[in-house]
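With mmCIF, C-alpha atoms inside, this is start16.cif:
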```cif
data_my_file
#
loop_
_atom_site.label_atom_id
_atom_site.label_comp_id
_atom_site.auth_asym_id
_atom_site.auth_seq_id
_atom_site.Cartn_x
_atom_site.Cartn_y
_atom_site.Cartn_z
CA MET A 1 0.00 0.00 0.00
CA ASN A 2 1.24 3.51 -0.83
CA GLU A 3 2.18 5.19 2.49
CA ARG A 4 1.00 8.62 1.25
CA ALA A 5 -2.31 7.21 0.06
CA ALA A 6 -3.06 5.54 3.42
CA PRO A 7 -3.64 8.76 5.40
CA ARG A 8 -5.85 10.10 2.63
CA ARG A 9 -7.86 6.91 2.67
CA TRP A 10 -8.33 7.13 6.44
CA ILE A 11 -9.39 10.75 6.14
CA ALA A 12 -11.99 9.76 3.53
CA VAL A 13 -13.30 6.98 5.80
CA VAL A 14 -13.58 9.35 8.77
CA CYS A 15 -15.33 12.00 6.66
CA SER A 16 -17.77 9.42 5.32
CA ALA A 17 -18.52 8.23 8.86
CA LEU A 18 -19.11 11.79 10.05
CA LEU A 19 -21.32 12.52 7.06
CA PHE A 20 -23.33 9.34 7.74
CA ALA A 21 -23.68 10.30 11.40
CA PHE A 22 -24.85 13.79 10.39
CA HIS A 23 -27.50 12.46 8.04
CA THR A 24 -28.61 9.84 10.56
CA GLY A 25 -28.97 12.50 13.22
CA SER A 26 -30.90 14.75 10.84
CA ALA A 27 -33.25 11.91 9.94
CA ALA A 28 -33.85 11.19 13.61
CA ALA A 29 -34.58 14.85 14.25
CA ALA A 30 -36.91 14.93 11.28
CA THR A 31 -39.10 12.28 12.89
CA SER A 32 -39.09 13.67 16.43
CA PRO A 33 -42.38 15.42 17.17
CA ARG A 34 -42.68 18.69 18.98
CA SER A 35 -43.55 18.51 22.67
CA GLU A 36 -46.94 20.11 21.90
CA GLU A 37 -47.95 17.11 19.79
CA TRP A 38 -49.57 15.36 22.75
CA TRP A 39 -51.23 12.68 20.63
CA PHE A 40 -47.89 10.99 19.92
CA PRO A 41 -47.50 9.42 23.38
CA ALA A 42 -51.29 9.01 23.72
CA TRP A 43 -51.34 6.97 20.52
CA GLU A 44 -48.00 5.23 21.19
CA ILE A 45 -46.76 6.42 17.80
CA PRO A 46 -43.07 5.82 18.69
CA GLU A 47 -43.90 2.12 19.13
CA ILE A 48 -45.68 2.01 15.80
CA TRP A 49 -42.72 3.71 14.13
CA LYS A 50 -40.57 0.72 15.07
CA VAL A 51 -42.61 -1.16 12.48
CA THR A 52 -43.81 1.46 9.99
CA LYS A 53 -43.96 5.19 9.33
CA GLY A 54 -46.45 4.96 6.49
CA ALA A 55 -44.13 4.22 3.59
CA GLY A 56 -45.81 3.31 0.32
CA VAL A 57 -49.17 4.92 1.10
CA ILE A 58 -50.62 7.93 -0.73
CA VAL A 59 -53.01 10.08 1.28
CA ALA A 60 -55.19 12.49 -0.70
CA VAL A 61 -56.07 15.75 1.05
CA ILE A 62 -59.18 17.23 -0.57
CA ASP A 63 -59.03 20.79 0.67
CA SER A 64 -57.64 24.24 -0.10
CA GLY A 65 -54.36 22.97 -1.52
CA VAL A 66 -51.08 22.32 0.31
CA GLU A 67 -48.10 24.67 0.55
CA ALA A 68 -45.50 22.18 -0.61
CA ARG A 69 -42.57 24.64 -0.51
CA LEU A 70 -42.52 24.73 3.31
CA PRO A 71 -39.56 22.93 4.94
CA ASP A 72 -41.89 20.87 7.13
CA LEU A 73 -43.51 19.40 4.02
CA ARG A 74 -40.66 19.43 1.54
CA GLY A 75 -40.46 16.13 -0.31
CA ALA A 76 -43.73 14.84 1.15
CA VAL A 77 -46.18 16.42 -1.30
CA LEU A 78 -46.82 14.90 -4.71
CA LYS A 79 -48.05 16.74 -7.75
CA GLY A 80 -51.81 16.83 -7.36
CA GLY A 81 -54.53 18.73 -9.14
CA SER A 82 -57.34 21.29 -9.10
CA VAL A 83 -60.81 20.08 -9.95
CA GLY A 84 -63.15 22.98 -9.14
CA TRP A 85 -64.54 25.44 -11.67
CA GLY A 86 -62.03 28.25 -12.06
CA LEU A 87 -59.38 26.52 -9.92
CA HIS A 88 -55.95 25.95 -11.40
CA GLY A 89 -52.62 24.39 -10.54
CA ASP A 90 -51.27 21.10 -9.22
CA GLY A 91 -52.58 21.55 -5.68
CA ARG A 92 -49.17 22.41 -4.23
CA THR A 93 -50.19 25.96 -3.34
CA ASP A 94 -52.63 26.67 -0.52
CA HIS A 95 -55.43 29.06 -1.53
CA ASP A 96 -57.04 29.39 1.90
CA ASP A 97 -57.14 33.09 2.83
CA GLU A 98 -59.76 32.74 5.55
CA LYS A 99 -58.03 30.23 7.86
CA GLY A 100 -54.47 30.78 6.78
CA GLY A 101 -53.91 27.43 5.12
CA HIS A 102 -56.36 24.75 6.20
CA GLY A 103 -55.16 22.16 3.68
CA THR A 104 -51.52 22.69 4.68
CA GLY A 105 -52.35 22.14 8.33
CA MET A 106 -54.12 18.86 7.59
CA ALA A 107 -51.27 17.63 5.40
CA ALA A 108 -48.70 18.41 8.11
CA LEU A 109 -50.66 16.45 10.72
CA ILE A 110 -50.48 13.46 8.40
CA ALA A 111 -47.00 13.66 6.88
CA GLY A 112 -45.09 16.59 8.38
CA GLN A 113 -41.32 16.06 8.12
CA GLY A 114 -40.24 18.05 11.17
CA THR A 115 -37.53 19.85 9.22
CA GLY A 116 -38.81 23.40 9.67
CA THR A 117 -40.76 24.23 12.79
CA GLY A 118 -40.40 20.65 13.96
CA MET A 119 -43.99 19.86 12.96
CA THR A 120 -44.08 16.09 12.47
CA GLY A 121 -46.93 14.03 11.08
CA VAL A 122 -48.00 10.68 12.43
CA ALA A 123 -47.13 9.00 9.11
CA PRO A 124 -44.09 10.97 7.87
CA GLU A 125 -43.12 8.45 5.20
CA SER A 126 -46.55 8.53 3.56
CA ARG A 127 -47.03 10.92 0.67
CA ILE A 128 -49.64 13.64 0.29
CA LEU A 129 -51.69 14.03 -2.89
CA PRO A 130 -53.12 17.57 -2.73
CA VAL A 131 -56.50 18.04 -4.39
CA LEU A 132 -57.75 21.62 -4.60
CA ALA A 133 -61.55 21.45 -4.67
CA ASP A 134 -64.56 23.48 -3.64
CA GLU A 135 -67.82 22.06 -2.29
CA ASP A 136 -69.36 21.59 -5.72
CA SER A 137 -66.36 19.66 -6.98
CA TRP A 138 -65.84 17.24 -4.09
CA PRO A 139 -67.12 14.32 -6.22
CA GLU A 140 -64.54 15.09 -8.91
CA GLY A 141 -61.92 15.46 -6.19
CA VAL A 142 -62.63 12.00 -4.81
CA ARG A 143 -62.40 10.44 -8.26
CA PHE A 144 -59.19 12.34 -9.01
CA ALA A 145 -57.68 11.04 -5.78
CA VAL A 146 -58.57 7.43 -6.59
CA ASP A 147 -57.30 7.68 -10.16
CA HIS A 148 -53.97 9.01 -8.89
CA GLY A 149 -53.28 6.20 -6.49
CA ALA A 150 -54.66 7.39 -3.15
CA LYS A 151 -55.58 4.60 -0.73
CA VAL A 152 -56.57 7.06 2.00
CA ILE A 153 -58.74 10.10 1.28
CA ASN A 154 -58.89 12.85 3.90
CA MET A 155 -61.94 15.13 3.80
CA SER A 156 -61.65 17.58 6.70
CA VAL A 157 -64.57 19.44 5.18
CA GLY A 158 -68.32 19.61 5.52
CA ALA A 159 -71.46 21.24 4.14
CA GLU A 160 -75.07 21.13 5.28
CA ALA A 161 -77.11 18.61 3.31
CA ALA A 162 -80.23 16.69 4.28
CA SER A 163 -78.69 13.62 2.67
CA CYS A 164 -75.61 12.68 0.70
CA GLU A 165 -75.92 14.05 -2.82
CA THR A 166 -76.16 11.31 -5.45
CA LYS A 167 -73.07 12.50 -7.31
CA LEU A 168 -70.95 12.58 -4.14
CA GLN A 169 -72.21 9.20 -2.97
CA SER A 170 -71.39 7.75 -6.38
CA ALA A 171 -67.84 9.11 -6.13
CA ILE A 172 -67.38 7.67 -2.65
CA SER A 173 -68.68 4.34 -3.93
CA TYR A 174 -66.09 4.59 -6.69
CA ALA A 175 -63.41 5.10 -4.03
CA ILE A 176 -64.56 2.14 -1.94
CA GLU A 177 -64.76 -0.16 -4.95
CA HIS A 178 -61.15 0.83 -5.73
CA ASP A 179 -60.09 0.03 -2.15
CA ALA A 180 -59.65 3.59 -0.87
CA VAL A 181 -60.69 4.52 2.68
CA VAL A 182 -62.58 7.83 2.94
CA ILE A 183 -62.38 9.75 6.24
CA ALA A 184 -64.53 12.83 6.97
CA ALA A 185 -65.08 15.29 9.81
CA ALA A 186 -68.18 15.09 12.00
CA GLY A 187 -68.34 18.87 12.24
CA ASN A 188 -67.86 21.63 14.83
CA LYS A 189 -71.44 22.55 15.68
CA SER A 190 -72.66 20.71 18.77
CA TRP A 191 -76.22 22.00 18.27
CA GLU A 192 -76.58 20.33 14.87
CA ASP A 193 -76.66 16.75 13.63
CA ASN A 194 -73.87 15.38 11.42
CA SER A 195 -76.33 13.11 9.65
CA ARG A 196 -77.26 16.35 7.86
CA ILE A 197 -73.64 17.21 6.96
CA SER A 198 -71.83 15.90 3.89
CA PRO A 199 -69.64 14.01 3.30
CA SER A 200 -69.98 12.62 6.84
CA ASN A 201 -73.51 11.39 6.02
CA CYS A 202 -72.42 9.45 2.94
CA ALA A 203 -72.48 5.66 3.11
CA GLY A 204 -69.02 4.12 3.51
CA VAL A 205 -67.37 7.17 5.07
CA LEU A 206 -65.44 6.89 8.35
CA THR A 207 -66.84 9.88 10.26
CA VAL A 208 -64.66 11.27 13.06
CA GLY A 209 -65.73 13.17 16.18
CA GLY A 210 -63.45 15.08 18.55
CA LEU A 211 -61.71 14.46 21.90
CA ASP A 212 -59.37 16.36 24.23
CA GLN A 213 -56.14 15.22 25.93
CA ASN A 214 -58.06 13.43 28.68
CA LEU A 215 -60.37 11.49 26.35
CA GLY A 216 -63.10 13.99 27.12
CA ILE A 217 -65.48 15.03 24.35
CA TYR A 218 -64.63 18.16 22.35
CA SER A 219 -67.38 20.57 23.34
CA ASN A 220 -68.24 21.61 19.77
CA SER A 221 -68.11 18.19 18.17
CA THR A 222 -71.24 17.61 16.09
CA PRO A 223 -73.20 14.52 17.14
CA GLY A 224 -74.95 12.24 14.70
CA ALA A 225 -76.04 8.76 13.74
CA TYR A 226 -73.02 8.21 11.48
CA THR A 227 -70.20 9.05 13.92
CA ALA A 228 -67.83 6.08 13.80
CA VAL A 229 -64.88 7.04 16.04
CA ALA A 230 -63.29 10.04 17.76
CA ALA A 231 -59.74 11.45 17.74
CA PRO A 232 -57.71 14.42 19.08
CA ALA A 233 -59.47 17.70 18.29
CA VAL A 234 -58.51 20.05 21.15
CA ASN A 235 -55.29 22.07 21.24
CA VAL A 236 -53.96 20.30 18.18
CA GLY A 237 -50.92 22.07 16.79
CA SER A 238 -49.94 22.29 13.14
CA ILE A 239 -48.70 24.79 10.56
CA GLY A 240 -50.49 26.99 8.04
CA ARG A 241 -49.37 28.14 4.63
CA ALA A 242 -47.01 30.67 6.24
CA GLY A 243 -45.18 27.81 7.95
CA ILE A 244 -45.91 29.05 11.48
CA PHE A 245 -46.82 26.52 14.17
CA GLY A 246 -50.00 27.12 16.15
CA ALA A 247 -52.72 25.16 17.95
CA VAL A 248 -56.39 25.00 16.95
CA ASN A 249 -59.53 23.07 17.90
CA GLY A 250 -61.79 21.13 15.55
CA THR A 251 -62.79 17.80 14.08
CA SER A 252 -60.83 18.70 10.94
CA SER A 253 -57.67 17.93 12.90
CA ALA A 254 -59.21 14.77 14.34
CA THR A 255 -59.95 13.62 10.79
CA ALA A 256 -56.43 14.32 9.53
CA LEU A 257 -54.84 12.48 12.45
CA THR A 258 -57.14 9.52 11.83
CA SER A 259 -56.13 9.57 8.16
CA GLY A 260 -52.52 9.41 9.29
CA ALA A 261 -53.33 6.46 11.53
CA ILE A 262 -55.08 4.69 8.64
CA ALA A 263 -51.98 5.31 6.49
CA LEU A 264 -49.79 3.64 9.14
CA LEU A 265 -52.08 0.62 9.19
CA ARG A 266 -52.27 0.38 5.41
CA SER A 267 -48.48 0.45 5.30
CA ARG A 268 -48.23 -2.22 8.00
CA PHE A 269 -50.85 -4.45 6.33
CA PRO A 270 -50.48 -3.75 2.60
CA GLU A 271 -52.28 -6.97 1.66
CA GLU A 272 -55.42 -6.09 3.61
CA PRO A 273 -58.31 -4.22 1.95
CA GLY A 274 -59.54 -0.91 3.30
CA ARG A 275 -62.64 -2.62 4.66
CA ARG A 276 -60.48 -4.74 6.94
CA ILE A 277 -58.37 -1.75 8.06
CA VAL A 278 -61.50 0.15 9.12
CA GLN A 279 -62.74 -2.97 10.89
CA ARG A 280 -59.51 -3.00 12.91
CA VAL A 281 -59.94 0.63 13.92
CA LEU A 282 -63.60 0.26 14.92
CA ASN A 283 -63.06 -2.86 17.02
CA THR A 284 -60.00 -1.63 18.90
CA ALA A 285 -61.35 1.83 19.71
CA ARG A 286 -61.45 2.70 23.41
CA ASP A 287 -64.95 3.28 24.73
CA VAL A 288 -65.37 6.88 25.88
CA GLY A 289 -68.35 9.11 26.54
CA ASP A 290 -71.58 7.19 27.06
CA LYS A 291 -71.15 3.46 27.42
CA GLY A 292 -71.12 1.68 24.09
CA TRP A 293 -71.70 3.44 20.81
CA ASP A 294 -72.84 7.06 21.07
CA LYS A 295 -73.52 9.96 18.70
CA LEU A 296 -70.47 11.98 19.76
CA THR A 297 -67.69 9.40 19.83
CA GLY A 298 -69.10 6.47 17.86
CA ASN A 299 -67.25 3.28 18.81
CA GLY A 300 -64.79 5.31 20.87
CA ALA A 301 -61.30 6.81 20.72
CA VAL A 302 -59.00 5.75 17.89
CA ILE A 303 -56.05 3.75 19.28
CA PRO A 304 -53.71 3.07 16.32
CA TYR A 305 -51.27 0.87 18.25
CA ALA A 306 -54.10 -1.37 19.44
CA ALA A 307 -55.41 -1.57 15.87
CA MET A 308 -51.96 -2.68 14.71
CA ILE A 309 -51.32 -5.39 17.30
CA GLY A 310 -54.86 -6.34 18.30
CA SER A 311 -56.55 -9.55 17.21
CA VAL A 312 -59.73 -8.57 15.39
CA PRO A 313 -61.86 -11.43 14.01
CA LYS A 314 -62.79 -11.11 10.37
CA ASN A 315 -66.46 -11.40 11.27
CA ALA A 316 -66.27 -8.54 13.77
CA PRO A 317 -68.80 -5.69 13.32
CA ASN A 318 -68.03 -3.03 10.74
CA SER A 319 -70.80 -0.44 10.84
CA VAL A 320 -69.15 1.81 8.23
CA TYR A 321 -69.03 -0.82 5.51
CA GLU A 322 -72.24 -2.53 6.58
CA ARG A 323 -74.05 0.72 5.88
CA TYR A 324 -72.31 0.98 2.53
CA ASP A 325 -73.28 -2.60 1.65
CA GLN A 326 -76.90 -1.82 2.50
CA TRP A 327 -76.83 1.26 0.27
CA LYS A 328 -75.29 -0.76 -2.54
CA ARG A 329 -77.95 -3.47 -2.31
CA LEU A 330 -80.64 -0.84 -2.65
CA GLN A 331 -78.96 0.46 -5.81
CA GLU A 332 -78.76 -3.01 -7.31
CA LYS A 333 -82.39 -3.93 -6.52
CA PRO A 334 -84.29 -4.42 -9.82
CA LYS A 335 -86.71 -1.61 -10.62
CA PRO A 336 -89.85 -2.04 -12.79
CA SER A 337 -89.55 -0.74 -16.32
CA PRO A 338 -91.60 2.43 -17.06
CA ASP A 339 -93.47 0.64 -19.83
CA HIS A 340 -94.10 -2.45 -17.73
CA GLN A 341 -97.74 -3.66 -17.84
CA PRO A 342 -99.51 -6.69 -16.41
CA VAL A 343 -99.39 -9.70 -18.71
CA ARG A 344 -103.18 -9.79 -19.16
CA ASN A 345 -103.08 -6.39 -20.89
CA ARG A 346 -100.43 -7.47 -23.32
CA VAL A 347 -102.22 -10.51 -24.87
CA SER A 348 -102.40 -10.06 -28.64
CA SER A 349 -105.37 -10.86 -30.92
CA LYS A 350 -103.39 -13.77 -32.28
CA GLU A 351 -103.17 -15.31 -28.80
CA ASN A 352 -106.90 -14.63 -28.16
CA PRO A 353 -108.99 -14.21 -31.34
CA ASN A 354 -112.01 -12.97 -29.37
CA SER A 355 -109.99 -10.09 -27.87
CA ALA A 356 -110.42 -8.02 -31.05
CA ILE A 357 -114.15 -8.88 -31.47
CA LEU A 358 -115.29 -8.00 -27.96
CA PRO A 359 -114.57 -4.23 -28.14
CA VAL A 360 -116.36 -4.00 -31.55
CA GLY A 361 -119.44 -5.82 -30.26
CA ALA A 362 -119.65 -3.62 -27.21
CA ALA A 363 -119.49 -0.50 -29.36
CA ALA A 364 -122.31 -1.83 -31.58
CA LEU A 365 -124.58 -2.46 -28.61
CA VAL A 366 -124.00 1.04 -27.28
CA THR A 367 -124.86 2.50 -30.70
CA VAL A 368 -128.11 0.55 -30.95
CA PHE A 369 -129.08 1.55 -27.44
CA LEU A 370 -128.47 5.23 -28.09
CA PHE A 371 -130.38 5.12 -31.40
CA THR A 372 -133.40 3.43 -29.82
CA ALA A 373 -133.43 5.86 -26.89
CA THR A 374 -133.31 8.80 -29.29
CA VAL A 375 -136.25 7.53 -31.37
CA LEU A 376 -138.38 6.95 -28.27
CA LEU A 377 -137.56 10.39 -26.92
CA VAL A 378 -138.51 12.11 -30.21
CA ASN A 379 -141.82 10.25 -30.41
CA HIS A 380 -142.61 11.12 -26.83
CA ARG A 381 -142.00 14.84 -27.45
CA ARG A 382 -144.21 14.79 -30.55
CA LYS A 383 -147.06 13.25 -28.60
CA ARG A 384 -146.72 15.88 -25.89
CA GLY A 385 -146.70 18.64 -28.49
CA LEU A 386 -149.89 17.35 -30.11
CA LEU A 387 -151.55 17.08 -26.74
CA ARG A 388 -150.68 20.67 -25.87
CA ARG A 389 -152.02 21.99 -29.16
CA SER A 390 -155.31 20.15 -28.69
CA ARG A 391 -155.85 21.63 -25.22
CA SER A 392 -155.19 25.18 -26.32
CA LEU A 393 -157.91 25.16 -28.84
#
```

Write out the structure in this file as structure tokens.
Amino acid sequence: MNERAAPRRWIAVVCSALLFAFHTGSAAAATSPRSEEWWFPAWEIPEIWKVTKGAGVIVAVIDSGVEARLPDLRGAVLKGGSVGWGLHGDGRTDHDDEKGGHGTGMAALIAGQGTGTGMTGVAPESRILPVLADEDSWPEGVRFAVDHGAKVINMSVGAEAASCETKLQSAISYAIEHDAVVIAAAGNKSWEDNSRISPSNCAGVLTVGGLDQNLGIYSNSTPGAYTAVAAPAVNVGSIGRAGIFGAVNGTSSATALTSGAIALLRSRFPEEPGRRIVQRVLNTARDVGDKGWDKLTGNGAVIPYAAMIGSVPKNAPNSVYERYDQWKRLQEKPKPSPDHQPVRNRVSSKENPNSAILPVGAAALVTVFLFTATVLLVNHRRKRGLLRRSRSL
């Protein structure tokens, strides 16, 4: 070995080791949540991360767009799309002026990288598909998400509707038939009913209510017949499109965190369909609020670690998909044709030769009757006229 080359080689080895240590340390820091992210220990996310961080799963965020340029989201946001009338771009710009970046906040809760403010998502190795959509274009947004590979669809949105609009329900059915799990917010109006809020009232949607740090019910969480589970909704910190960390309350956050949990489970069990993943979540939820199922928390608090390690029978209840199956059966039920008539009215004259003669005979009898009645009436009037003339004489 060349004596001069040896020191150089050792220097290169040392530099490589230091560089590896630097990158390893950076990666560790990138997946260390902020102390304000109280749901990490509550959900035992560090234990889940020993197995998976959501790699291989695409989560669509149907919202106001996502500010992909932010350090906390850099590399985690795919090229998405805009589906609403007059909306443009690939979804990687947040257009929310009212709340300062709602879509960005939801995306960071799911897949934040922790490389800016330290905001870390529960599934940092999952990838976000941003879909910019308004209320009227939610159906197109759902279909866009499915067609671009999303297996989890986050809808931290809601609009008053007596029932799920046909077009939106059809899109959600499209998602379910393509093995995508759709998660929606219950709402933030405790005086209303989320069975009158879409998309939470659509069949097949996992509707999420809100909880606080102590598994207490979020005071503004909207109750309803379709609430399936509940998740952190109080003092939940995230970033907006300006990249500034701050805490907010709402079932939007609970929905995004649940979407992140679903992404972890889909990554851990890639061979299992979405139906089975939801079944895991429902049957490992921790009962909170009123005993058993209730309108505010559904089956209870989402516990991702329990869903990952728990033994859930394949015949366990699954209210979300059972409702969808019921809706689907109703759609497939045969409906009578508009021109359908009883068989007896469709017998031809060839099948019954007398069928053509009977109407003609009846008409003839009516004609004879009318003619006879007319003749008798005329004769009667003539007789009366003659009688009157004879009396007046």

Problem set entry | Nearby residues (all atoms listed in the file) at most 6 Å from region 214-223 of chain A, same-chain spacing under 6 positions excluded, as a list in words |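 Answer for this query is Ala186, Gly187, Asn188, Lys189, Ser190, Asp193, Asn194, Lys295 and Leu296 of chain A.
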
Seminar exercise, completed: Min atom-atom distance to Val320 (chain A) from the set A:Thr297, A:Asn201, A:Thr166, A:Ser238, counting only C-alpha atoms, belongs to A:Asn201

For this session: Evaluate the PyMOL selection byres ((chain A and resi 236) around 12) on the structure here and hand back the selected residues as a ChimeraX atom specification.
Result: /A:34-40,105-106,108-109,119,121,210-213,218,231-235,237-239,245-257

For this session: Run the PyMOL selection byres ((chain A and resi 315) around 12) on the file and write out the hits as a list in words.
Result: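 The output of the PyMOL selection byres ((chain A and resi 315) around 12) on this file is Arg275, Arg276, Gln279, Arg280, Asn283, Ser311, Val312, Pro313, Lys314, Ala316, Pro317, Asn318, Ser319 and Glu322 of chain A.
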
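For Pro304 (chain A), the non-local neighbours within 7 Å, defined as residues at least 4 positions apart in the same chain or in other chains and counting only C-alpha atoms, are Trp43, Ala261 and Met308 of chain A.
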
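Taking CA of Ser198 (chain A) and CA of Ser126 (chain A) as endpoints, the distance between them is 26.3 Å.
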
For this session: Pick out the closest residue to Thr115 (chain A) from this set: A:Arg241, A:Arg69, A:His178, A:Arg196. Count only C-alpha atoms.
Result: A:Arg69

Problem set entry | For CA of Glu67 (chain A) and CA of Thr104 (chain A), the interatomic separation in Å (one decimal) |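 CA of Thr104 (chain A) lies 5.7 Å from CA of Glu67 (chain A).
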
For the structure shown, which residues end up in the PyMOL selection byres ((chain A and resi 173) around 12)? Put them as an mmCIF file with C-alpha atoms, in the frame of the given file, please?
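File written: result32.cif
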```cif
data_model
loop_
_atom_site.group_PDB
_atom_site.id
_atom_site.type_symbol
_atom_site.label_atom_id
_atom_site.label_comp_id
_atom_site.auth_asym_id
_atom_site.auth_seq_id
_atom_site.Cartn_x
_atom_site.Cartn_y
_atom_site.Cartn_z
ATOM 1 C CA PRO A 139 -67.120 14.320 -6.220
ATOM 2 C CA VAL A 142 -62.630 12.000 -4.810
ATOM 3 C CA ARG A 143 -62.400 10.440 -8.260
ATOM 4 C CA VAL A 146 -58.570 7.430 -6.590
ATOM 5 C CA CYS A 164 -75.610 12.680 0.700
ATOM 6 C CA THR A 166 -76.160 11.310 -5.450
ATOM 7 C CA LYS A 167 -73.070 12.500 -7.310
ATOM 8 C CA LEU A 168 -70.950 12.580 -4.140
ATOM 9 C CA GLN A 169 -72.210 9.200 -2.970
ATOM 10 C CA SER A 170 -71.390 7.750 -6.380
ATOM 11 C CA ALA A 171 -67.840 9.110 -6.130
ATOM 12 C CA ILE A 172 -67.380 7.670 -2.650
ATOM 13 C CA TYR A 174 -66.090 4.590 -6.690
ATOM 14 C CA ALA A 175 -63.410 5.100 -4.030
ATOM 15 C CA ILE A 176 -64.560 2.140 -1.940
ATOM 16 C CA GLU A 177 -64.760 -0.160 -4.950
ATOM 17 C CA HIS A 178 -61.150 0.830 -5.730
ATOM 18 C CA ASP A 179 -60.090 0.030 -2.150
ATOM 19 C CA ALA A 180 -59.650 3.590 -0.870
ATOM 20 C CA VAL A 181 -60.690 4.520 2.680
ATOM 21 C CA VAL A 182 -62.580 7.830 2.940
ATOM 22 C CA CYS A 202 -72.420 9.450 2.940
ATOM 23 C CA ALA A 203 -72.480 5.660 3.110
ATOM 24 C CA GLY A 204 -69.020 4.120 3.510
ATOM 25 C CA VAL A 205 -67.370 7.170 5.070
ATOM 26 C CA TYR A 321 -69.030 -0.820 5.510
ATOM 27 C CA ARG A 323 -74.050 0.720 5.880
ATOM 28 C CA TYR A 324 -72.310 0.980 2.530
ATOM 29 C CA ASP A 325 -73.280 -2.600 1.650
ATOM 30 C CA TRP A 327 -76.830 1.260 0.270
ATOM 31 C CA LYS A 328 -75.290 -0.760 -2.540
ATOM 32 C CA GLN A 331 -78.960 0.460 -5.810
#
```

For this session: Write out as a list in words each polymer residue whose atoms come within 10 Å of Trp293 (chain A), counting only C-alpha atoms; drop sequence neighbours fewer than 4 positions from it.
Result: Ala225, Thr227, Ala228, Val229, Asp287, Val288, Gly289, Thr297, Gly298, Asn299 and Gly300 of chain A
